[in-house]
Structure formats: C-alpha cells, structure tokens
file query_6.txt (compact mmCIF, C-alpha atoms)
# COMPACT_ATOMS: atom_id res chain seq x y z
CA MET A 1 -9.37 -124.80 -222.99
CA ARG A 2 -9.48 -128.52 -223.81
CA LYS A 3 -11.02 -129.23 -220.44
CA ILE A 4 -13.79 -126.73 -221.11
CA ARG A 5 -14.44 -128.26 -224.53
CA ARG A 6 -14.68 -131.77 -223.06
CA LEU A 7 -16.98 -130.62 -220.31
CA GLY A 8 -19.09 -128.82 -222.87
CA LEU A 9 -19.19 -131.93 -225.04
CA SER A 10 -20.19 -134.01 -222.03
CA LEU A 11 -23.06 -131.71 -221.20
CA VAL A 12 -24.27 -131.72 -224.80
CA LEU A 13 -24.19 -135.53 -224.87
CA ALA A 14 -26.00 -135.68 -221.54
CA VAL A 15 -28.73 -133.38 -222.81
CA LEU A 16 -29.08 -135.46 -225.98
CA MET A 17 -29.42 -138.64 -223.92
CA LEU A 18 -32.06 -137.01 -221.75
CA VAL A 19 -34.01 -135.86 -224.79
CA GLY A 20 -33.86 -139.41 -226.11
CA LEU A 21 -35.30 -140.72 -222.85
CA ALA A 22 -37.99 -138.09 -222.66
CA VAL A 23 -39.55 -138.45 -226.09
CA PRO A 24 -39.56 -142.15 -226.99
CA ALA A 25 -42.99 -141.69 -228.60
CA LEU A 26 -41.40 -139.77 -231.44
CA ALA A 27 -39.25 -142.71 -232.40
CA GLY A 28 -41.97 -144.23 -234.59
CA ASN A 29 -42.64 -140.92 -236.36
CA PRO A 30 -46.41 -141.08 -235.95
CA THR A 31 -48.51 -138.82 -238.11
CA VAL A 32 -51.18 -138.42 -235.44
CA SER A 33 -50.02 -136.62 -232.33
CA ILE A 34 -51.84 -137.45 -229.10
CA THR A 35 -52.17 -135.08 -226.16
CA VAL A 36 -53.54 -136.77 -223.06
CA THR A 37 -55.29 -135.02 -220.20
CA ALA A 38 -54.47 -137.41 -217.38
CA GLN A 39 -57.41 -136.82 -215.07
CA VAL A 40 -59.56 -139.57 -213.61
CA VAL A 41 -63.21 -140.06 -214.51
CA SER A 42 -64.97 -142.30 -211.99
CA ILE A 43 -68.37 -142.58 -210.29
CA THR A 44 -70.12 -145.10 -208.11
CA ASN A 45 -73.82 -145.60 -207.45
CA SER A 46 -75.11 -147.06 -204.22
CA GLN A 47 -78.04 -149.15 -205.50
CA ALA A 48 -77.40 -151.78 -208.15
CA ASN A 49 -80.70 -153.68 -208.07
CA TRP A 50 -84.42 -153.05 -208.27
CA ALA A 51 -86.73 -156.02 -207.68
CA MET A 52 -90.29 -154.80 -208.29
CA GLY A 53 -91.97 -158.10 -207.60
CA ASN A 54 -95.43 -158.73 -209.09
CA ILE A 55 -97.07 -155.62 -210.50
CA ASP A 56 -100.61 -154.88 -211.61
CA VAL A 57 -101.78 -153.11 -214.75
CA SER A 58 -101.04 -149.34 -214.49
CA ALA A 59 -98.90 -149.91 -211.41
CA THR A 60 -96.73 -147.12 -210.00
CA VAL A 61 -93.48 -148.34 -208.50
CA TYR A 62 -90.72 -146.29 -206.87
CA PHE A 63 -87.01 -147.10 -206.95
CA SER A 64 -86.84 -147.51 -203.18
CA VAL A 65 -87.33 -149.95 -200.34
CA ASN A 66 -90.87 -151.44 -200.18
CA ASN A 67 -92.08 -149.10 -202.95
CA LEU A 68 -92.11 -146.10 -200.64
CA GLU A 69 -91.45 -142.75 -202.28
CA ASP A 70 -87.87 -141.94 -201.33
CA ILE A 71 -86.26 -139.28 -203.51
CA ASP A 72 -82.85 -139.79 -201.86
CA TYR A 73 -82.78 -143.56 -202.23
CA SER A 74 -79.73 -143.96 -204.47
CA LEU A 75 -76.48 -142.05 -204.19
CA ILE A 76 -74.10 -141.21 -207.06
CA THR A 77 -70.60 -140.41 -205.81
CA ASN A 78 -67.99 -138.72 -207.93
CA THR A 79 -64.87 -140.71 -207.11
CA GLY A 80 -62.82 -139.15 -209.89
CA SER A 81 -60.54 -136.12 -209.99
CA VAL A 82 -62.65 -133.97 -212.34
CA ASN A 83 -66.16 -132.57 -212.16
CA ALA A 84 -68.50 -134.91 -214.02
CA ASP A 85 -71.70 -134.89 -216.02
CA VAL A 86 -73.79 -137.99 -215.43
CA GLU A 87 -76.39 -139.15 -217.93
CA ILE A 88 -78.92 -141.95 -217.73
CA GLN A 89 -80.48 -144.34 -220.25
CA GLY A 90 -82.68 -147.40 -219.90
CA THR A 91 -83.48 -150.39 -222.06
CA ILE A 92 -86.77 -151.88 -223.17
CA ILE A 93 -88.24 -154.36 -220.73
CA GLU A 94 -87.61 -157.83 -222.07
CA GLY A 95 -88.74 -161.31 -221.15
CA GLY A 96 -91.96 -163.27 -221.51
CA SER A 97 -93.91 -163.10 -224.73
CA TYR A 98 -93.94 -159.39 -225.44
CA ASP A 99 -91.35 -156.69 -224.81
CA TRP A 100 -92.45 -153.41 -223.26
CA THR A 101 -91.22 -150.18 -224.80
CA TRP A 102 -90.71 -146.76 -223.22
CA ASP A 103 -93.06 -143.88 -223.91
CA THR A 104 -93.80 -140.51 -222.34
CA THR A 105 -97.04 -141.94 -220.94
CA PRO A 106 -97.92 -145.58 -220.33
CA GLY A 107 -100.01 -147.53 -222.84
CA THR A 108 -100.53 -151.06 -224.04
CA GLU A 109 -97.17 -152.82 -223.70
CA LYS A 110 -95.70 -149.37 -223.01
CA PHE A 111 -94.20 -148.14 -219.77
CA SER A 112 -92.85 -144.81 -218.54
CA LEU A 113 -89.80 -144.29 -216.35
CA TYR A 114 -88.67 -140.98 -214.89
CA ALA A 115 -85.83 -139.99 -212.57
CA TYR A 116 -86.29 -137.42 -209.84
CA ASN A 117 -85.44 -133.86 -210.82
CA VAL A 118 -84.24 -131.84 -207.83
CA THR A 119 -84.86 -128.52 -209.59
CA ALA A 120 -88.43 -129.36 -210.56
CA ALA A 121 -89.04 -131.27 -207.32
CA ASP A 122 -90.74 -134.02 -209.30
CA TYR A 123 -89.99 -137.09 -211.41
CA THR A 124 -89.47 -135.32 -214.73
CA ILE A 125 -86.20 -136.69 -216.14
CA PRO A 126 -87.19 -139.22 -218.80
CA VAL A 127 -85.18 -142.42 -218.61
CA LYS A 128 -85.46 -143.10 -222.32
CA THR A 129 -84.36 -146.17 -224.18
CA SER A 130 -83.27 -144.21 -227.25
CA SER A 131 -80.78 -141.71 -225.83
CA PHE A 132 -78.93 -140.59 -222.73
CA VAL A 133 -80.40 -137.72 -220.71
CA ASP A 134 -78.63 -135.61 -218.05
CA ILE A 135 -79.39 -136.65 -214.50
CA VAL A 136 -76.79 -134.42 -212.86
CA VAL A 137 -74.45 -131.88 -214.45
CA ASP A 138 -71.12 -130.64 -213.08
CA LEU A 139 -71.01 -132.98 -210.09
CA PRO A 140 -67.96 -131.83 -208.11
CA ALA A 141 -65.02 -134.13 -207.62
CA THR A 142 -64.36 -132.78 -204.16
CA GLY A 143 -66.45 -131.45 -201.31
CA SER A 144 -70.16 -132.15 -201.77
CA ASP A 145 -69.41 -134.82 -204.33
CA THR A 146 -72.60 -136.91 -204.11
CA TYR A 147 -76.00 -136.75 -205.75
CA ALA A 148 -79.10 -138.44 -204.33
CA TRP A 149 -81.71 -139.65 -206.78
CA SER A 150 -84.56 -142.05 -207.40
CA MET A 151 -86.94 -143.19 -210.13
CA LYS A 152 -90.65 -143.67 -210.69
CA PHE A 153 -92.00 -146.46 -212.89
CA LEU A 154 -95.44 -146.32 -214.48
CA GLY A 155 -96.52 -149.74 -215.75
CA PRO A 156 -98.42 -150.50 -218.97
CA THR A 157 -102.14 -149.81 -218.99
CA ALA A 158 -102.61 -153.20 -220.59
CA PHE A 159 -100.48 -156.18 -221.52
CA ASN A 160 -101.02 -159.54 -223.08
CA VAL A 161 -102.23 -162.29 -220.74
CA ALA A 162 -99.51 -164.51 -222.16
CA ASP A 163 -97.10 -162.46 -220.03
CA ASP A 164 -99.04 -163.01 -216.83
CA GLY A 165 -96.68 -164.24 -214.13
CA LEU A 166 -93.60 -164.17 -216.37
CA GLN A 167 -90.43 -162.39 -215.31
CA LYS A 168 -89.19 -159.41 -217.25
CA SER A 169 -86.00 -157.39 -216.91
CA SER A 170 -84.40 -154.13 -217.91
CA THR A 171 -81.12 -152.32 -217.36
CA ILE A 172 -80.32 -148.74 -216.45
CA THR A 173 -76.96 -147.27 -217.46
CA LEU A 174 -75.34 -144.26 -215.80
CA VAL A 175 -72.60 -142.80 -217.96
CA ALA A 176 -70.16 -140.17 -216.68
CA SER A 177 -67.75 -137.90 -218.53
CA LYS A 178 -65.64 -134.87 -217.74
CA HIS A 179 -67.66 -131.68 -217.41
CA THR A 180 -66.39 -128.83 -219.56
CA MET B 1 -7.17 -140.15 -221.51
CA LYS B 2 -7.78 -139.58 -217.83
CA LYS B 3 -9.64 -136.36 -218.57
CA THR B 4 -11.78 -138.10 -221.18
CA ILE B 5 -12.77 -140.78 -218.68
CA ILE B 6 -13.66 -138.07 -216.16
CA ALA B 7 -15.71 -136.25 -218.77
CA ILE B 8 -17.63 -139.42 -219.66
CA ALA B 9 -18.17 -140.15 -215.97
CA ILE B 10 -19.62 -136.66 -215.48
CA MET B 11 -21.90 -137.19 -218.47
CA LEU B 12 -23.21 -140.50 -217.14
CA ALA B 13 -23.61 -139.11 -213.64
CA VAL B 14 -25.68 -136.18 -214.88
CA THR B 15 -27.88 -138.49 -216.98
CA ALA B 16 -28.36 -141.06 -214.23
CA GLY B 17 -28.92 -138.40 -211.61
CA VAL B 18 -31.77 -136.84 -213.52
CA TYR B 19 -33.29 -140.15 -214.60
CA PHE B 20 -33.18 -142.01 -211.31
CA GLY B 21 -33.15 -139.10 -208.90
CA VAL B 22 -35.84 -136.79 -207.57
CA GLY B 23 -36.93 -135.92 -211.07
CA HIS B 24 -37.57 -139.54 -212.14
CA PHE B 25 -39.73 -139.56 -215.24
CA ARG B 26 -43.23 -140.42 -214.13
CA SER B 27 -45.80 -139.99 -216.81
CA PRO B 28 -48.86 -137.80 -216.10
CA VAL B 29 -51.01 -140.90 -216.49
CA GLU B 30 -49.03 -142.85 -213.90
CA GLN B 31 -49.08 -139.86 -211.55
CA ALA B 32 -52.85 -139.49 -211.93
CA TYR B 33 -53.30 -143.20 -211.21
CA ARG B 34 -51.19 -143.09 -208.05
CA THR B 35 -52.90 -139.95 -206.78
CA TRP B 36 -56.38 -141.35 -207.40
CA VAL B 37 -55.68 -144.70 -205.77
CA ALA B 38 -54.18 -143.02 -202.69
CA ASP B 39 -57.19 -140.69 -202.52
CA GLN B 40 -59.74 -143.52 -202.73
CA LEU B 41 -57.90 -145.66 -200.21
CA SER B 42 -57.84 -142.76 -197.77
CA LYS B 43 -61.62 -142.53 -198.13
CA GLY B 44 -61.97 -146.28 -197.63
CA THR B 45 -63.41 -146.68 -201.12
CA THR B 46 -62.57 -150.09 -202.53
CA GLU B 47 -65.46 -150.60 -204.97
CA ALA B 48 -64.65 -147.84 -207.44
CA TRP B 49 -63.22 -148.17 -210.92
CA GLY B 50 -62.28 -145.52 -213.43
CA ILE B 51 -60.47 -144.39 -216.54
CA LEU B 52 -57.34 -142.29 -216.47
CA GLU B 53 -57.67 -140.24 -219.63
CA SER B 54 -60.56 -137.81 -219.20
CA GLU B 55 -59.68 -136.14 -222.50
CA GLN B 56 -57.37 -136.73 -225.43
CA LYS B 57 -56.61 -134.49 -228.38
CA LEU B 58 -55.56 -136.23 -231.55
CA THR B 59 -54.06 -134.09 -234.30
CA GLY B 60 -53.09 -135.71 -237.58
CA ASN B 61 -53.01 -135.37 -241.30
CA PRO B 62 -55.00 -137.42 -243.82
CA GLY B 63 -53.52 -140.91 -243.94
CA GLY B 64 -51.91 -140.54 -240.53
CA SER B 65 -52.14 -143.17 -237.83
CA ASN B 66 -51.13 -143.84 -234.26
CA ILE B 67 -52.25 -145.86 -231.26
CA ALA B 68 -53.98 -144.02 -228.42
CA THR B 69 -54.14 -145.66 -225.02
CA LEU B 70 -57.01 -145.91 -222.60
CA SER B 71 -56.20 -147.00 -219.04
CA ILE B 72 -58.87 -148.76 -216.98
CA PHE B 73 -58.23 -149.33 -213.30
CA ASN B 74 -60.13 -151.31 -210.72
CA MET B 75 -59.88 -150.81 -206.97
CA PRO B 76 -59.39 -153.85 -204.72
CA GLY B 77 -62.92 -155.20 -204.29
CA GLN B 78 -63.90 -157.49 -207.13
CA ASN B 79 -62.85 -158.45 -210.63
CA ARG B 80 -64.76 -156.51 -213.27
CA THR B 81 -65.57 -157.06 -216.92
CA PHE B 82 -65.60 -154.08 -219.28
CA TRP B 83 -66.64 -153.36 -222.82
CA VAL B 84 -64.86 -150.61 -224.79
CA SER B 85 -66.82 -148.89 -227.54
CA ILE B 86 -66.61 -145.84 -229.78
CA GLU B 87 -69.62 -143.57 -229.37
CA GLN B 88 -70.97 -140.36 -230.82
CA ALA B 89 -70.44 -137.24 -228.69
CA ASN B 90 -73.35 -135.49 -227.03
CA PRO B 91 -74.29 -132.73 -229.51
CA ASN B 92 -75.37 -130.48 -226.64
CA LYS B 93 -71.95 -130.56 -224.97
CA LEU B 94 -69.51 -129.89 -227.76
CA PRO B 95 -66.69 -127.37 -227.31
CA THR B 96 -67.06 -124.20 -229.37
CA GLY B 97 -66.06 -124.81 -232.97
CA TYR B 98 -66.36 -128.59 -232.72
CA GLU B 99 -68.92 -130.94 -234.22
CA CYS B 100 -69.90 -134.53 -233.61
CA LEU B 101 -67.79 -136.98 -235.55
CA PRO B 102 -70.34 -138.83 -237.69
CA THR B 103 -70.63 -142.52 -236.99
CA ARG B 104 -69.61 -143.31 -240.57
CA TYR B 105 -66.13 -142.08 -239.62
CA PHE B 106 -65.86 -144.43 -236.68
CA SER B 107 -63.94 -146.86 -238.86
CA TRP B 108 -60.98 -144.60 -238.17
CA PHE B 109 -60.78 -146.17 -234.74
CA THR B 110 -60.00 -149.82 -234.14
CA PRO B 111 -59.63 -151.08 -230.57
CA SER B 112 -56.72 -153.44 -230.10
CA GLY B 113 -56.44 -156.49 -227.92
CA TRP B 114 -54.51 -156.28 -224.68
CA ASP B 115 -51.58 -157.88 -226.44
CA GLY B 116 -51.63 -155.19 -229.11
CA SER B 117 -53.21 -157.40 -231.73
CA ARG B 118 -55.83 -155.82 -233.92
CA VAL B 119 -59.37 -157.02 -233.24
CA THR B 120 -62.41 -156.69 -235.43
CA ALA B 121 -64.92 -156.28 -232.62
CA GLU B 122 -64.90 -153.89 -229.70
CA PRO B 123 -63.00 -155.63 -226.91
CA LYS B 124 -64.49 -157.12 -223.81
CA VAL B 125 -61.90 -157.34 -221.07
CA VAL B 126 -61.49 -158.35 -217.46
CA VAL B 127 -59.54 -156.20 -215.02
CA LYS B 128 -58.72 -158.00 -211.80
CA ALA B 129 -59.30 -156.39 -208.42
CA GLY B 130 -56.58 -153.92 -207.53
CA GLN B 131 -55.10 -153.77 -211.01
CA TYR B 132 -55.18 -151.55 -214.05
CA ARG B 133 -54.85 -152.38 -217.70
CA GLN B 134 -54.54 -150.48 -220.91
CA VAL B 135 -56.31 -150.89 -224.21
CA GLY B 136 -54.81 -149.51 -227.37
CA ILE B 137 -57.01 -147.94 -230.00
CA LEU B 138 -55.60 -147.62 -233.49
CA VAL B 139 -56.41 -144.23 -234.96
CA ALA B 140 -56.18 -144.31 -238.75
CA ILE B 141 -57.32 -141.13 -240.48
CA PRO B 142 -58.46 -141.67 -244.08
CA THR B 143 -56.40 -140.22 -246.90
CA SER B 144 -59.39 -138.13 -247.96
CA THR B 145 -59.12 -134.45 -247.13
CA SER B 146 -62.86 -134.08 -246.62
CA TYR B 147 -62.48 -133.71 -242.89
CA LEU B 148 -59.92 -130.92 -242.93
CA ASP B 149 -60.97 -127.89 -240.88
CA HIS B 150 -63.78 -129.82 -239.18
CA PRO B 151 -62.62 -130.35 -235.58
CA ALA B 152 -64.77 -133.07 -234.10
CA GLU B 153 -65.43 -134.86 -230.84
CA LEU B 154 -66.19 -138.49 -230.19
CA ARG B 155 -66.41 -140.49 -227.00
CA VAL B 156 -64.63 -143.68 -226.07
CA ARG B 157 -66.92 -145.41 -223.61
CA VAL B 158 -66.00 -148.08 -221.08
CA THR B 159 -69.02 -149.95 -219.76
CA GLU B 160 -68.89 -152.28 -216.78
CA LEU B 161 -70.75 -155.45 -217.63
CA SER B 162 -70.69 -157.15 -214.27
CA GLY B 163 -73.36 -154.92 -212.73
CA GLY B 164 -76.97 -155.90 -212.13
CA PHE B 165 -79.99 -153.76 -212.93
CA GLN B 166 -77.84 -150.64 -212.84
CA ILE B 167 -74.71 -150.42 -214.98
CA THR B 168 -72.03 -147.75 -214.82
CA ALA B 169 -70.14 -146.46 -217.85
CA LEU B 170 -67.40 -143.85 -218.17
CA GLU B 171 -66.36 -141.85 -221.20
CA SER B 172 -63.11 -140.33 -222.38
CA ARG B 173 -63.69 -137.27 -224.57
CA TRP B 174 -61.60 -137.39 -227.74
CA TYR B 175 -61.06 -134.32 -229.87
CA ILE B 176 -60.00 -134.97 -233.43
CA VAL B 177 -58.28 -132.32 -235.54
CA VAL B 178 -57.30 -133.19 -239.10
CA VAL B 179 -54.68 -130.85 -240.57
CA GLU B 180 -52.82 -130.53 -243.85
CA THR B 181 -49.50 -131.41 -242.29
CA PRO B 182 -48.75 -133.06 -238.94
CA ASP B 183 -47.53 -131.06 -235.97

call {"tool": "encode", "arguments": {"input": "query_6.txt", "output": "structure tokens"}}
result
Amino acid sequence: MRKIRRLGLSLVLAVLMLVGLAVPALAGNPTVSITVTAQVVSITNSQANWAMGNIDVSATVYFSVNNLEDIDYSLITNTGSVNADVEIQGTIIEGGSYDWTWDTTPGTEKFSLYAYNVTAADYTIPVKTSSFVDIVVDLPATGSDTYAWSMKFLGPTAFNVADDGLQKSSTITLVASKHT
Amino acid sequence: MKKTIIAIAIMLAVTAGVYFGVGHFRSPVEQAYRTWVADQLSKGTTEAWGILESEQKLTGNPGGSNIATLSIFNMPGQNRTFWVSIEQANPNKLPTGYECLPTRYFSWFTPSGWDGSRVTAEPKVVVKAGQYRQVGILVAIPTSTSYLDHPAELRVRVTELSGGFQITALESRWYIVVVETPD
C-alpha cells in the first residue's frame, strides 16, 4: 500500500513539474493573454529597380526592359507558409525643385501609375500614394505560388523648367499579409 | 528510505524523459521557423525574409498589459534593415464582427528594443544574414472600459529598408479583444 502511495505521489509531482515547464508564461500573471498563430508570412519580388532615364513631357514608360510593354516583367513569389494578399502603394516623386504627385490622370506636376490587372487585361490597378491597393489576393503558398506583374507610368503633361535634367525618385512598397 | 529514493528516481526519470526525449518542448514558433527555413533551402531560396507570427489574438481586460513577440528572420544572403510599425487594418478585410482599431488607440502598443528596453520610437533593426531576431511589443490596454465588446484588428508591419525602388513589407494581423475579466 505504501509503495502504491509513493508511486502515486511521484507521478503527481512529475505531472506538476511538467506543468511548470509547459506554462512559464503564466508565471508573471499577465492580464493580456496572447494566442499566436505560428505561420510564416513571406514574399519576394524579382525586380527591385526601375531606371527610367530621361523622359519627355507626357511620356509613357513601362516597368520593363528598354520600355517595352511586358506584362510579366516582375514576379512576386509567395515564400511563406500561408496564402497571402499582396497590396501595393507608391510615394510622390521627389527631387529637383518640384515634387510630382499621383493622380488618376496626368497633369501639371502630376503623374499616373498603374499596375497590370490580369482580370481586366489592362493597367487598371492604381498605384496610389495615399493608400494600399490589392495587386493580388489569395496568392497560394504552395503550387502555383507566383504572380507576374508590371506597371505603366504616365508622366506629367507639364512641369517646371527648373526641373529640367534633374533626377527624381520614388519608391513602391509591396505589403503582404495572411489571407483570411 | 530505499523505496523513497527509488520513487524520486522514477519521478525524475519521467520528467526528464518527457522533457528531453521525443516529445521535447519545441514552441510552435520555433517549429514554424525550422520548417520554413528547410523549405526555402530545399528550393534554393536564399534571398527571402519573413515574419513568423501571421496572426496573434490578444485578449485582456482594461488596464491589462503583456509583451507580444514578433520574430523576423532573414535567409542567408545579405544583412537586412527593418522598421517595425503599428498600422491600421484594411477596413475591407476585417473578420466578421471586428472593426479597425482607431489610430488614437495605437498608444496601447509600444515596441521594445531588442534588449527589452522600452523605446519611444518605432524600432529600426538589423537582422544579419541567416539569423532571426525578435522584437517585443508592449501591449498596455487603457483602464477605460470604452473598448469593451468592440473586437478590433490592427496590423504590425515590418518593412525592409535596404531595398531600392521596390520595398517589401510584411504584416502580422493582430486581433484585440477587451473583456471585463481576463481569461
């Protein structure tokens, strides 16, 4: 009988020790509990640069090699473990004397930038400077896990001569998150 | 006495066997990291980087606090610099019953330095090639009860700053539920 009691006591102590090892987070008695979904979000994009060179007023420039229209120029790859939504946002074009701002159609010191929309078979996804816009939704993490895309730039219809020959720059951000 | 020693030995053996044996405690985050790295290496991908926590649910009561962790990893290719920021959720992609956490509530969340120290600005950090690091974010829910019964989403965004014209950013979706009493 004593042996059984001791063995029982041993098992109880062992279980208590295991519980102590398993839940160290409770030791600090936090009043916010955190439940983590440990799945990886990760994408890569094949083209990191776009050097337009000198452009004229009202120029049309494609995100491609030698300004040729190439709708599959850049490739987004889902390298994570979950399906992802990928959104795109640009910045104003800075440098020189006057910044250029984005608009739906080009104007004086205003440019337009659109990404290729596979569904519409045209450059209809606005790459705004004010908010992120979907470029691809529910990109699989396995199988056909890439998305080919490109962009079309429409230059200002007029800009100040003070900017003639000066270099300007902008940045495009692709942001990915878990698709739900 | 002899039986007591045997009993203690059995106890220690059971504990050690479970802890160090086949069932060694490997956190889901660590497991996800190992699986992802092995997967990318098998594909020959060495230029990728990512975050380990695709989603986190934080449930707390007014006045509650805790530190949530975000893990950033970098495959062996190049060192990368990242910026961690708190962002508003996309209003078009909220789960049913959730709303966007207004930006005025973002003061609930304070990113910490790598050493755990509290910082006043969103941290900019370097993760060396082939390594991963964690940033702690202090979650401190106000004592006000005004956010009870308003489940909300926000995003914690990690932006890579070492890119050129094109920058990549990744977001962890955080769901915040404020309750009367903690779970």

call {"tool": "atom_distance", "arguments": {"input": "query_6.txt", "atom1": "atom CA of Ile93 of chain A", "atom2": "atom CA of Lys168 of chain A"}}
result
6.2 Å

call {"tool": "residues_around", "arguments": {"input": "query_6.txt", "residues": "Ile88 of chain A", "least_positions_apart": "6", "cutoff": "12 Å", "atoms": "all atoms listed in the file", "output": "ChimeraX atom specification"}}
result
/A:76,113-116,125-137,149-151,171-177 /B:166-170

call {"tool": "residues_around", "arguments": {"input": "query_6.txt", "residues": "Ile34 of chain A", "least_positions_apart": "5", "cutoff": "7 Å", "atoms": "all atoms listed in the file", "output": "list of chain:residue names"}}
result
B:Gln56, B:Lys57, B:Leu58, B:Thr59, B:Ala68

call {"tool": "atom_distance", "arguments": {"input": "query_6.txt", "atom1": "atom CA of Val84 of chain B", "atom2": "atom CA of Val135 of chain B"}}
result
8.6 Å

call {"tool": "atom_distance", "arguments": {"input": "query_6.txt", "atom1": "atom CA of Ala59 of chain A", "atom2": "atom CA of Thr91 of chain A"}}
result
18.7 Å

call {"tool": "residues_around", "arguments": {"input": "query_6.txt", "residues": "Ile55 of chain A", "least_positions_apart": "6", "cutoff": "12 Å", "atoms": "only C-alpha atoms", "output": "ChimeraX atom specification"}}
result
/A:61-62,67,153-159,163-168

call {"tool": "write_last_selection", "arguments": {"input": "query_6.txt", "atoms": "C-alpha atoms", "output": "tab-separated table (two decimals), in the coordinates of the input"}}
result
chain	number	residue	atom	x	y	z
A	61	VAL	CA	-93.48	-148.34	-208.50
A	62	TYR	CA	-90.72	-146.29	-206.87
A	67	ASN	CA	-92.08	-149.10	-202.95
A	153	PHE	CA	-92.00	-146.46	-212.89
A	154	LEU	CA	-95.44	-146.32	-214.48
A	155	GLY	CA	-96.52	-149.74	-215.75
A	156	PRO	CA	-98.42	-150.50	-218.97
A	157	THR	CA	-102.14	-149.81	-218.99
A	158	ALA	CA	-102.61	-153.20	-220.59
A	159	PHE	CA	-100.48	-156.18	-221.52
A	163	ASP	CA	-97.10	-162.46	-220.03
A	164	ASP	CA	-99.04	-163.01	-216.83
A	165	GLY	CA	-96.68	-164.24	-214.13
A	166	LEU	CA	-93.60	-164.17	-216.37
A	167	GLN	CA	-90.43	-162.39	-215.31
A	168	LYS	CA	-89.19	-159.41	-217.25
